[in-house]
>>> print(open('my_file_11.txt').read())   # compact mmCIF, C-alpha atoms and all ligand atoms
# COMPACT_ATOMS: atom_id res chain seq x y z
CA MET A 1 0.00 0.00 0.00
CA GLY A 2 1.38 3.46 -0.86
CA THR A 3 1.64 6.32 1.61
CA PRO A 4 0.22 9.40 -0.09
CA LEU A 5 0.44 12.85 1.45
CA GLN A 6 -2.75 12.47 3.47
CA ILE A 7 -1.62 9.29 5.21
CA GLU A 8 1.91 10.60 5.88
CA ALA A 9 0.31 13.53 7.73
CA TYR A 10 -1.40 11.09 10.11
CA ASP A 11 1.85 9.12 10.50
CA ARG A 12 3.40 12.33 11.86
CA GLN A 13 0.44 13.41 14.03
CA ALA A 14 -0.73 10.15 15.59
CA GLN A 15 0.16 11.11 19.17
CA THR A 16 -1.51 14.56 19.02
CA TYR A 17 -4.56 13.02 17.37
CA ALA A 18 -5.01 10.30 20.00
CA HIS A 19 -4.74 12.88 22.77
CA ARG A 20 -7.32 15.22 21.20
CA MET A 21 -9.84 12.41 20.73
CA GLY A 22 -9.91 11.58 24.45
CA ARG A 23 -12.43 14.35 25.28
CA LEU A 24 -15.32 13.66 27.67
CA THR A 25 -18.11 14.61 25.25
CA TYR A 26 -16.87 12.15 22.61
CA GLU A 27 -19.50 9.46 23.10
CA ALA A 28 -22.41 11.96 23.05
CA GLU A 29 -21.06 13.51 19.82
CA ASN A 30 -21.16 10.06 18.21
CA GLN A 31 -24.63 9.07 19.40
CA TRP A 32 -26.16 9.83 15.97
CA TRP A 33 -24.55 6.67 14.50
CA LEU A 34 -24.30 4.59 17.68
CA ASP A 35 -28.14 4.51 17.63
CA HIS A 36 -27.96 2.59 14.33
CA LEU A 37 -25.66 -0.20 15.51
CA PRO A 38 -27.18 -3.68 15.23
CA GLY A 39 -27.54 -6.03 18.21
CA PRO A 40 -24.16 -6.91 19.75
CA THR A 41 -23.45 -10.05 17.76
CA GLY A 42 -22.22 -8.72 14.46
CA LEU A 43 -19.01 -7.76 12.74
CA VAL A 44 -18.52 -4.05 12.27
CA LEU A 45 -15.96 -2.26 10.12
CA ASP A 46 -14.40 1.06 11.04
CA LEU A 47 -12.79 2.32 7.83
CA GLY A 48 -10.10 4.94 8.36
CA ALA A 49 -10.21 4.06 12.04
CA GLY A 50 -7.61 6.61 13.16
CA THR A 51 -6.43 5.83 16.70
CA GLY A 52 -9.49 3.69 17.36
CA GLU A 53 -11.87 5.75 19.52
CA PRO A 54 -15.01 4.96 17.46
CA ALA A 55 -13.88 1.31 17.22
CA ARG A 56 -13.66 1.11 21.00
CA LEU A 57 -17.14 2.64 21.41
CA MET A 58 -18.48 -0.23 19.29
CA ALA A 59 -16.38 -2.87 21.07
CA ARG A 60 -17.72 -1.67 24.44
CA ARG A 61 -21.20 -2.47 23.15
CA GLY A 62 -20.10 -6.05 22.50
CA HIS A 63 -19.28 -5.94 18.78
CA ARG A 64 -16.33 -7.52 17.02
CA VAL A 65 -14.64 -4.63 15.26
CA LEU A 66 -12.27 -4.67 12.32
CA ALA A 67 -10.44 -1.33 12.52
CA VAL A 68 -9.03 -0.59 9.07
CA GLU A 69 -6.36 2.12 9.00
CA PRO A 70 -3.62 2.76 6.41
CA SER A 71 -1.33 4.86 8.65
CA ASP A 72 1.11 2.59 10.52
CA ALA A 73 1.58 5.20 13.26
CA MET A 74 -2.17 5.63 13.84
CA ARG A 75 -2.65 1.84 14.04
CA ARG A 76 0.23 1.46 16.48
CA MET A 77 -1.12 4.32 18.63
CA GLY A 78 -4.58 2.75 18.63
CA GLN A 79 -3.21 -0.62 19.71
CA LYS A 80 -0.98 0.91 22.39
CA THR A 81 -3.26 3.47 24.06
CA ALA A 82 -6.32 1.29 24.64
CA PRO A 83 -5.92 -2.32 23.52
CA ASP A 84 -9.22 -4.17 23.31
CA GLU A 85 -9.42 -7.86 22.42
CA ARG A 86 -12.63 -7.26 20.44
CA VAL A 87 -10.84 -4.81 18.12
CA THR A 88 -8.65 -6.27 15.34
CA TRP A 89 -6.44 -3.86 13.42
CA LEU A 90 -5.80 -4.12 9.70
CA GLY A 91 -3.68 -2.03 7.28
CA ASP A 92 -5.83 -1.40 4.21
CA ALA A 93 -7.10 1.64 2.29
CA LEU A 94 -10.05 2.99 0.36
CA PRO A 95 -11.10 2.88 -2.35
CA ASN A 96 -10.11 -0.68 -3.25
CA LEU A 97 -9.69 -2.26 0.20
CA PRO A 98 -7.79 -5.22 -1.30
CA GLU A 99 -7.14 -6.95 2.04
CA LEU A 100 -10.82 -6.87 3.09
CA TYR A 101 -11.80 -8.30 -0.30
CA ARG A 102 -9.09 -10.97 -0.07
CA ARG A 103 -10.53 -12.07 3.30
CA GLY A 104 -14.11 -12.09 1.94
CA VAL A 105 -15.36 -9.88 4.79
CA THR A 106 -19.00 -8.76 4.99
CA ALA A 107 -20.23 -6.51 7.79
CA ASP A 108 -23.42 -5.68 9.68
CA PHE A 109 -22.32 -2.10 10.13
CA ILE A 110 -19.70 0.11 8.48
CA LEU A 111 -18.46 3.40 9.88
CA ILE A 112 -16.58 5.99 7.82
CA ASN A 113 -15.91 8.91 10.12
CA SER A 114 -14.17 11.96 8.54
CA VAL A 115 -12.22 9.98 5.94
CA LEU A 116 -13.57 10.85 2.47
CA ILE A 117 -12.03 14.35 2.57
CA HIS A 118 -8.70 12.54 2.08
CA LEU A 119 -9.71 11.03 -1.27
CA ARG A 120 -9.73 12.83 -4.61
CA PRO A 121 -13.34 13.68 -5.62
CA ALA A 122 -12.98 11.55 -8.79
CA ILE A 123 -12.37 8.46 -6.64
CA ILE A 124 -15.50 8.80 -4.46
CA PRO A 125 -17.88 6.92 -6.85
CA MET A 126 -15.43 3.96 -6.79
CA VAL A 127 -15.41 4.06 -2.96
CA PHE A 128 -19.14 3.34 -2.82
CA LYS A 129 -18.98 0.69 -5.57
CA ARG A 130 -16.40 -1.16 -3.47
CA LEU A 131 -18.27 -0.60 -0.19
CA ARG A 132 -21.70 -1.86 -1.19
CA PRO A 133 -20.70 -5.57 -1.50
CA LEU A 134 -19.08 -5.40 1.96
CA LEU A 135 -22.41 -4.50 3.59
CA LYS A 136 -24.82 -7.31 4.53
CA ALA A 137 -28.40 -7.10 3.22
CA HIS A 138 -29.79 -5.49 6.40
CA GLY A 139 -26.57 -3.68 7.26
CA ARG A 140 -26.06 0.04 7.81
CA LEU A 141 -23.32 2.38 6.66
CA ALA A 142 -22.78 5.50 8.77
CA LEU A 143 -20.79 8.30 7.21
CA LEU A 144 -19.57 11.55 8.75
CA HIS A 145 -18.34 13.99 6.13
CA ARG A 146 -16.38 17.10 7.02
CA GLN A 147 -16.73 20.42 5.18
CA GLY A 148 -14.64 23.57 5.51
CA PRO A 149 -10.96 24.50 5.80
CA ALA A 150 -8.36 21.79 6.47
CA PRO A 151 -6.36 21.90 9.72
CA LEU A 152 -2.72 22.92 9.42
CA GLY A 153 -0.52 20.09 8.13
CA ARG A 154 -3.42 17.78 7.24
CA PRO A 155 -4.16 18.05 3.51
CA MET A 156 -7.78 17.52 2.45
CA TYR A 157 -9.68 17.62 -0.85
CA PRO A 158 -12.79 19.75 -1.40
CA VAL A 159 -15.29 16.85 -1.62
CA SER A 160 -18.85 18.24 -1.56
CA VAL A 161 -21.68 16.59 0.40
CA ASP A 162 -23.75 16.41 -2.81
CA HIS A 163 -20.97 14.51 -4.56
CA VAL A 164 -20.76 12.02 -1.67
CA LEU A 165 -24.53 11.56 -1.55
CA ASN A 166 -24.93 11.18 -5.33
CA SER A 167 -22.04 8.71 -5.52
CA ALA A 168 -23.60 6.56 -2.78
CA LEU A 169 -27.01 6.59 -4.48
CA ALA A 170 -25.44 5.78 -7.87
CA ALA A 171 -23.79 2.70 -6.30
CA GLY A 172 -27.21 1.45 -5.20
CA LEU A 173 -27.22 2.53 -1.56
CA VAL A 174 -30.33 4.08 -0.01
CA CYS A 175 -30.05 7.18 2.16
CA LEU A 176 -32.01 6.65 5.41
CA ASP A 177 -30.94 9.78 7.25
CA ASP A 178 -29.05 12.94 6.30
CA LYS A 179 -28.34 15.85 8.67
CA ARG A 180 -26.04 18.89 8.66
CA VAL A 181 -24.45 19.87 11.97
CA GLY A 182 -21.96 22.48 13.21
CA ASP A 183 -18.54 21.70 14.68
CA THR A 184 -18.62 20.83 18.40
CA LEU A 185 -15.02 22.11 18.67
CA GLY A 186 -16.13 25.49 17.24
CA ARG A 187 -13.57 25.60 14.39
CA PRO A 188 -14.45 28.51 12.05
CA GLY A 189 -16.12 27.42 8.81
CA VAL A 190 -16.16 23.73 9.75
CA SER A 191 -19.39 21.71 9.55
CA PHE A 192 -20.35 18.08 9.06
CA ALA A 193 -22.88 15.95 7.22
CA GLN A 194 -24.14 12.90 9.14
CA MET A 195 -25.52 10.26 6.79
CA ILE A 196 -26.94 6.76 7.31
CA PHE A 197 -27.25 4.38 4.34
CA GLY A 198 -28.77 0.96 3.82
CA LYS A 199 -29.08 -1.35 0.79
C1 LIG B 1 -9.83 12.62 10.52
S1 LIG B 1 -9.15 11.01 10.74
C2 LIG B 1 -10.56 10.13 11.34
C3 LIG B 1 -10.19 8.94 12.16
C4 LIG B 1 -11.39 8.18 12.77
N1 LIG B 1 -12.33 7.79 11.75
C5 LIG B 1 -12.08 8.97 13.82
O1 LIG B 1 -13.23 9.34 13.65
O2 LIG B 1 -11.44 9.21 14.85
C6 LIG B 1 -9.00 10.38 9.09
C7 LIG B 1 -8.37 8.99 9.00
O3 LIG B 1 -8.51 8.52 7.65
C8 LIG B 1 -7.36 7.78 7.31
N2 LIG B 1 -7.25 7.70 5.84
C9 LIG B 1 -6.70 8.58 4.98
N3 LIG B 1 -6.76 8.11 3.72
C10 LIG B 1 -7.40 6.91 3.79
C11 LIG B 1 -7.76 5.92 2.82
N4 LIG B 1 -7.49 6.09 1.53
N5 LIG B 1 -8.42 4.80 3.25
C12 LIG B 1 -8.71 4.63 4.56
N6 LIG B 1 -8.36 5.53 5.52
C13 LIG B 1 -7.72 6.65 5.14
C14 LIG B 1 -6.24 8.58 7.97
O4 LIG B 1 -5.05 7.83 8.08
C15 LIG B 1 -6.89 8.94 9.31
O5 LIG B 1 -6.64 7.98 10.30
>>> encode(input="my_file_11.txt", output="structure tokens", more="lines below")
Ligand SMILES: C[S@@+](CC[C@H](N)C(=O)[O-])C[C@H]1O[C@@H](n2cnc3c(N)ncnc32)[C@H](O)[C@@H]1O
Amino acid sequence: MGTPLQIEAYDRQAQTYAHRMGRLTYEAENQWWLDHLPGPTGLVLDLGAGTGEPARLMARRGHRVLAVEPSDAMRRMGQKTAPDERVTWLGDALPNLPELYRRGVTADFILINSVLIHLRPAIIPMVFKRLRPLLKAHGRLALLHRQGPAPLGRPMYPVSVDHVLNSALAAGLVCLDDKRVGDTLGRPGVSFAQMIFGK
């Protein structure tokens, strides 16, 4: 797997990132997708898992989690700071996710939290074409998509919410919920789209 600019930035910032994610309000901020988790028997995928905070929220609810993260430093930080036997880490990357496909994985729930801004807009339709077969028939895909200026040292592409939504629909996913929210950290110009998809 290559290490493009976006992933190198996370290799450098893994420690700072893990520290910032430890805030007390974190679980409440993520309730919008936690409400859509299936019963605690399934396999869930956290794609672009960062240092593993969302993965651990799901593991605490009893799920087996496959935390997929291309940055070696972020994966190591996630394993070191809060190891959890229900979370398995895997180095793989969107859009093609070759390792997940090689293993024949299908999931009850997929989370993609603030990741698509790191992919060129032209690649986004391919992301959803590759994701759809990974989702079980009654599964859910939760997607948080960031809008606004990139933080210093973390390059991002201007991927519009409409482009994300249209690409998902074109791949045959159904949008079950779609909300726009402000930034809980109060960063100027930053907002998010919270979307839930099914098949
Ligand atoms: C803003 S962080 C979000 C991390 C995590 N989802 C969270 O909510 O804490 C973005 C993550 O996406 C990962 N990433 C960047 N390009 C990716 C790709 N092509 N496929 C999968 N993950 C990628 C980065 O390494 C980073 O860990």
>>> residues_around(input="my_file_11.txt", residues="Leu135 in chain A", least_positions_apart="2", cutoff="7 Å", atoms="only C-alpha atoms", output="PyMOL selection string")
chain A and resi 106-109+131-133+137+139
>>> residues_around(input="my_file_11.txt", residues="Leu57 in chain A", least_positions_apart="5", cutoff="12 Å", atoms="all atoms listed in the file", output="PyMOL selection string")
chain A and resi 22+26-31+33-35+37+40+44+46+49+52+62-65+67+82+84+86-87+111
>>> residues_near_ligand(input="my_file_11.txt", ligand="ligand LIG 1 (chain B)", cutoff="6 Å", atoms="all atoms listed in the file", output="PDB file with C-alpha atoms, keeping the file's coordinate frame")
ATOM      1  CA  GLN A   6      -2.750  12.470   3.470  1.00  0.00           C
ATOM      2  CA  ILE A   7      -1.620   9.290   5.210  1.00  0.00           C
ATOM      3  CA  TYR A  10      -1.400  11.090  10.110  1.00  0.00           C
ATOM      4  CA  LEU A  47     -12.790   2.320   7.830  1.00  0.00           C
ATOM      5  CA  GLY A  48     -10.100   4.940   8.360  1.00  0.00           C
ATOM      6  CA  ALA A  49     -10.210   4.060  12.040  1.00  0.00           C
ATOM      7  CA  GLY A  50      -7.610   6.610  13.160  1.00  0.00           C
ATOM      8  CA  GLU A  53     -11.870   5.750  19.520  1.00  0.00           C
ATOM      9  CA  GLU A  69      -6.360   2.120   9.000  1.00  0.00           C
ATOM     10  CA  PRO A  70      -3.620   2.760   6.410  1.00  0.00           C
ATOM     11  CA  SER A  71      -1.330   4.860   8.650  1.00  0.00           C
ATOM     12  CA  ALA A  93      -7.100   1.640   2.290  1.00  0.00           C
ATOM     13  CA  LEU A  94     -10.050   2.990   0.360  1.00  0.00           C
ATOM     14  CA  ASN A 113     -15.910   8.910  10.120  1.00  0.00           C
ATOM     15  CA  SER A 114     -14.170  11.960   8.540  1.00  0.00           C
ATOM     16  CA  VAL A 115     -12.220   9.980   5.940  1.00  0.00           C
ATOM     17  CA  HIS A 118      -8.700  12.540   2.080  1.00  0.00           C
TER      18      HIS A 118
END
>>> atom_distance(input="my_file_11.txt", atom1="CA of Ser167 in chain A", atom2="CA of Ile123 in chain A")
9.7 Å
>>> atom_distance(input="my_file_11.txt", atom1="CA of Ser191 in chain A", atom2="CA of Arg140 in chain A")
22.7 Å
>>> residues_around(input="my_file_11.txt", residues="Leu97 in chain A", least_positions_apart="6", cutoff="10 Å", atoms="all atoms listed in the file", output="list in words")
Met1, Leu47, Val68, Gly91, Val127, Arg130 and Leu131 of chain A
>>> closest_residue(input="my_file_11.txt", among="A:Ala142, A:Leu134, A:Met126, A:Ala14", to="His36 in chain A", atoms="only C-alpha atoms")
A:Ala142
>>> atom_distance(input="my_file_11.txt", atom1="CA of Ile196 in chain A", atom2="CA of Asp11 in chain A")
29.1 Å
>>> closest_residue(input="my_file_11.txt", among="A:Leu144, A:Ala170, A:Ile124, A:Ala55", to="Ile112 in chain A", atoms="only C-alpha atoms")
A:Leu144
>>> closest_residue(input="my_file_11.txt", among="A:Gly153, A:Pro98, A:Pro54, A:Gly198", to="His138 in chain A", atoms="only C-alpha atoms")
A:Gly198
>>> residues_around(input="my_file_11.txt", residues="range 192-195 of chain A", least_positions_apart="5", cutoff="12 Å", atoms="all atoms listed in the file", output="JSON, numbers by chain")
{"A": [29, 30, 31, 32, 33, 34, 36, 110, 111, 112, 113, 114, 115, 116, 117, 140, 141, 142, 143, 144, 145, 146, 147, 148, 149, 159, 160, 161, 162, 164, 165, 168, 169, 173, 174, 175, 176, 177, 178, 179, 180, 181, 182, 183, 184, 185, 186, 187]}
>>> write_last_selection(input="my_file_11.txt", atoms="C-alpha atoms", output="PDB file, in the coordinates of the input")
ATOM      1  CA  GLU A  29     -21.060  13.510  19.820  1.00  0.00           C
ATOM      2  CA  ASN A  30     -21.160  10.060  18.210  1.00  0.00           C
ATOM      3  CA  GLN A  31     -24.630   9.070  19.400  1.00  0.00           C
ATOM      4  CA  TRP A  32     -26.160   9.830  15.970  1.00  0.00           C
ATOM      5  CA  TRP A  33     -24.550   6.670  14.500  1.00  0.00           C
ATOM      6  CA  LEU A  34     -24.300   4.590  17.680  1.00  0.00           C
ATOM      7  CA  HIS A  36     -27.960   2.590  14.330  1.00  0.00           C
ATOM      8  CA  ILE A 110     -19.700   0.110   8.480  1.00  0.00           C
ATOM      9  CA  LEU A 111     -18.460   3.400   9.880  1.00  0.00           C
ATOM     10  CA  ILE A 112     -16.580   5.990   7.820  1.00  0.00           C
ATOM     11  CA  ASN A 113     -15.910   8.910  10.120  1.00  0.00           C
ATOM     12  CA  SER A 114     -14.170  11.960   8.540  1.00  0.00           C
ATOM     13  CA  VAL A 115     -12.220   9.980   5.940  1.00  0.00           C
ATOM     14  CA  LEU A 116     -13.570  10.850   2.470  1.00  0.00           C
ATOM     15  CA  ILE A 117     -12.030  14.350   2.570  1.00  0.00           C
ATOM     16  CA  ARG A 140     -26.060   0.040   7.810  1.00  0.00           C
ATOM     17  CA  LEU A 141     -23.320   2.380   6.660  1.00  0.00           C
ATOM     18  CA  ALA A 142     -22.780   5.500   8.770  1.00  0.00           C
ATOM     19  CA  LEU A 143     -20.790   8.300   7.210  1.00  0.00           C
ATOM     20  CA  LEU A 144     -19.570  11.550   8.750  1.00  0.00           C
ATOM     21  CA  HIS A 145     -18.340  13.990   6.130  1.00  0.00           C
ATOM     22  CA  ARG A 146     -16.380  17.100   7.020  1.00  0.00           C
ATOM     23  CA  GLN A 147     -16.730  20.420   5.180  1.00  0.00           C
ATOM     24  CA  GLY A 148     -14.640  23.570   5.510  1.00  0.00           C
ATOM     25  CA  PRO A 149     -10.960  24.500   5.800  1.00  0.00           C
ATOM     26  CA  VAL A 159     -15.290  16.850  -1.620  1.00  0.00           C
ATOM     27  CA  SER A 160     -18.850  18.240  -1.560  1.00  0.00           C
ATOM     28  CA  VAL A 161     -21.680  16.590   0.400  1.00  0.00           C
ATOM     29  CA  ASP A 162     -23.750  16.410  -2.810  1.00  0.00           C
ATOM     30  CA  VAL A 164     -20.760  12.020  -1.670  1.00  0.00           C
ATOM     31  CA  LEU A 165     -24.530  11.560  -1.550  1.00  0.00           C
ATOM     32  CA  ALA A 168     -23.600   6.560  -2.780  1.00  0.00           C
ATOM     33  CA  LEU A 169     -27.010   6.590  -4.480  1.00  0.00           C
ATOM     34  CA  LEU A 173     -27.220   2.530  -1.560  1.00  0.00           C
ATOM     35  CA  VAL A 174     -30.330   4.080  -0.010  1.00  0.00           C
ATOM     36  CA  CYS A 175     -30.050   7.180   2.160  1.00  0.00           C
ATOM     37  CA  LEU A 176     -32.010   6.650   5.410  1.00  0.00           C
ATOM     38  CA  ASP A 177     -30.940   9.780   7.250  1.00  0.00           C
ATOM     39  CA  ASP A 178     -29.050  12.940   6.300  1.00  0.00           C
ATOM     40  CA  LYS A 179     -28.340  15.850   8.670  1.00  0.00           C
ATOM     41  CA  ARG A 180     -26.040  18.890   8.660  1.00  0.00           C
ATOM     42  CA  VAL A 181     -24.450  19.870  11.970  1.00  0.00           C
ATOM     43  CA  GLY A 182     -21.960  22.480  13.210  1.00  0.00           C
ATOM     44  CA  ASP A 183     -18.540  21.700  14.680  1.00  0.00           C
ATOM     45  CA  THR A 184     -18.620  20.830  18.400  1.00  0.00           C
ATOM     46  CA  LEU A 185     -15.020  22.110  18.670  1.00  0.00           C
ATOM     47  CA  GLY A 186     -16.130  25.490  17.240  1.00  0.00           C
ATOM     48  CA  ARG A 187     -13.570  25.600  14.390  1.00  0.00           C
TER      49      ARG A 187
END
>>> closest_residue(input="my_file_11.txt", among="A:Met156, A:Leu45, A:Leu90, A:Val190", to="Gly78 in chain A", atoms="all atoms listed in the file")
A:Leu90
>>> closest_residue(input="my_file_11.txt", among="A:Pro158, A:Arg12, A:Met58, A:Asp92", to="Ala122 in chain A", atoms="all atoms listed in the file")
A:Pro158
>>> closest_residue(input="my_file_11.txt", among="A:Thr41, A:Gln15, A:Pro188, A:Gly104", to="Arg75 in chain A", atoms="only C-alpha atoms")
A:Gln15
>>> axis_aligned_box(input="my_file_11.txt", around="range 166-176 of chain A", padding_each_side="3 Å", output="JSON")
{"center_x": -27.0, "center_y": 6.3, "center_z": -1.2, "size_x": 16.0, "size_y": 15.7, "size_z": 19.3}
>>> decode(input="my_file_11.txt", residues="range 37-113 of chain A", atoms="C-alpha atoms", output="compact mmCIF listing (two decimals), in the first residue's frame")
# COMPACT_ATOMS: atom_id res chain seq x y z
CA LEU A 37 -25.66 -0.20 15.51
CA PRO A 38 -27.18 -3.68 15.23
CA GLY A 39 -27.54 -6.03 18.21
CA PRO A 40 -24.16 -6.91 19.75
CA THR A 41 -23.45 -10.05 17.76
CA GLY A 42 -22.22 -8.72 14.46
CA LEU A 43 -19.01 -7.76 12.74
CA VAL A 44 -18.52 -4.05 12.27
CA LEU A 45 -15.96 -2.26 10.12
CA ASP A 46 -14.40 1.06 11.04
CA LEU A 47 -12.79 2.32 7.83
CA GLY A 48 -10.10 4.94 8.36
CA ALA A 49 -10.21 4.06 12.04
CA GLY A 50 -7.61 6.61 13.16
CA THR A 51 -6.43 5.83 16.70
CA GLY A 52 -9.49 3.69 17.36
CA GLU A 53 -11.87 5.75 19.52
CA PRO A 54 -15.01 4.96 17.46
CA ALA A 55 -13.88 1.31 17.22
CA ARG A 56 -13.66 1.11 21.00
CA LEU A 57 -17.14 2.64 21.41
CA MET A 58 -18.48 -0.23 19.29
CA ALA A 59 -16.38 -2.87 21.07
CA ARG A 60 -17.72 -1.67 24.44
CA ARG A 61 -21.20 -2.47 23.15
CA GLY A 62 -20.10 -6.05 22.50
CA HIS A 63 -19.28 -5.94 18.78
CA ARG A 64 -16.33 -7.52 17.02
CA VAL A 65 -14.64 -4.63 15.26
CA LEU A 66 -12.27 -4.67 12.32
CA ALA A 67 -10.44 -1.33 12.52
CA VAL A 68 -9.03 -0.59 9.07
CA GLU A 69 -6.36 2.12 9.00
CA PRO A 70 -3.62 2.76 6.41
CA SER A 71 -1.33 4.86 8.65
CA ASP A 72 1.11 2.59 10.52
CA ALA A 73 1.58 5.20 13.26
CA MET A 74 -2.17 5.63 13.84
CA ARG A 75 -2.65 1.84 14.04
CA ARG A 76 0.23 1.46 16.48
CA MET A 77 -1.12 4.32 18.63
CA GLY A 78 -4.58 2.75 18.63
CA GLN A 79 -3.21 -0.62 19.71
CA LYS A 80 -0.98 0.91 22.39
CA THR A 81 -3.26 3.47 24.06
CA ALA A 82 -6.32 1.29 24.64
CA PRO A 83 -5.92 -2.32 23.52
CA ASP A 84 -9.22 -4.17 23.31
CA GLU A 85 -9.42 -7.86 22.42
CA ARG A 86 -12.63 -7.26 20.44
CA VAL A 87 -10.84 -4.81 18.12
CA THR A 88 -8.65 -6.27 15.34
CA TRP A 89 -6.44 -3.86 13.42
CA LEU A 90 -5.80 -4.12 9.70
CA GLY A 91 -3.68 -2.03 7.28
CA ASP A 92 -5.83 -1.40 4.21
CA ALA A 93 -7.10 1.64 2.29
CA LEU A 94 -10.05 2.99 0.36
CA PRO A 95 -11.10 2.88 -2.35
CA ASN A 96 -10.11 -0.68 -3.25
CA LEU A 97 -9.69 -2.26 0.20
CA PRO A 98 -7.79 -5.22 -1.30
CA GLU A 99 -7.14 -6.95 2.04
CA LEU A 100 -10.82 -6.87 3.09
CA TYR A 101 -11.80 -8.30 -0.30
CA ARG A 102 -9.09 -10.97 -0.07
CA ARG A 103 -10.53 -12.07 3.30
CA GLY A 104 -14.11 -12.09 1.94
CA VAL A 105 -15.36 -9.88 4.79
CA THR A 106 -19.00 -8.76 4.99
CA ALA A 107 -20.23 -6.51 7.79
CA ASP A 108 -23.42 -5.68 9.68
CA PHE A 109 -22.32 -2.10 10.13
CA ILE A 110 -19.70 0.11 8.48
CA LEU A 111 -18.46 3.40 9.88
CA ILE A 112 -16.58 5.99 7.82
CA ASN A 113 -15.91 8.91 10.12
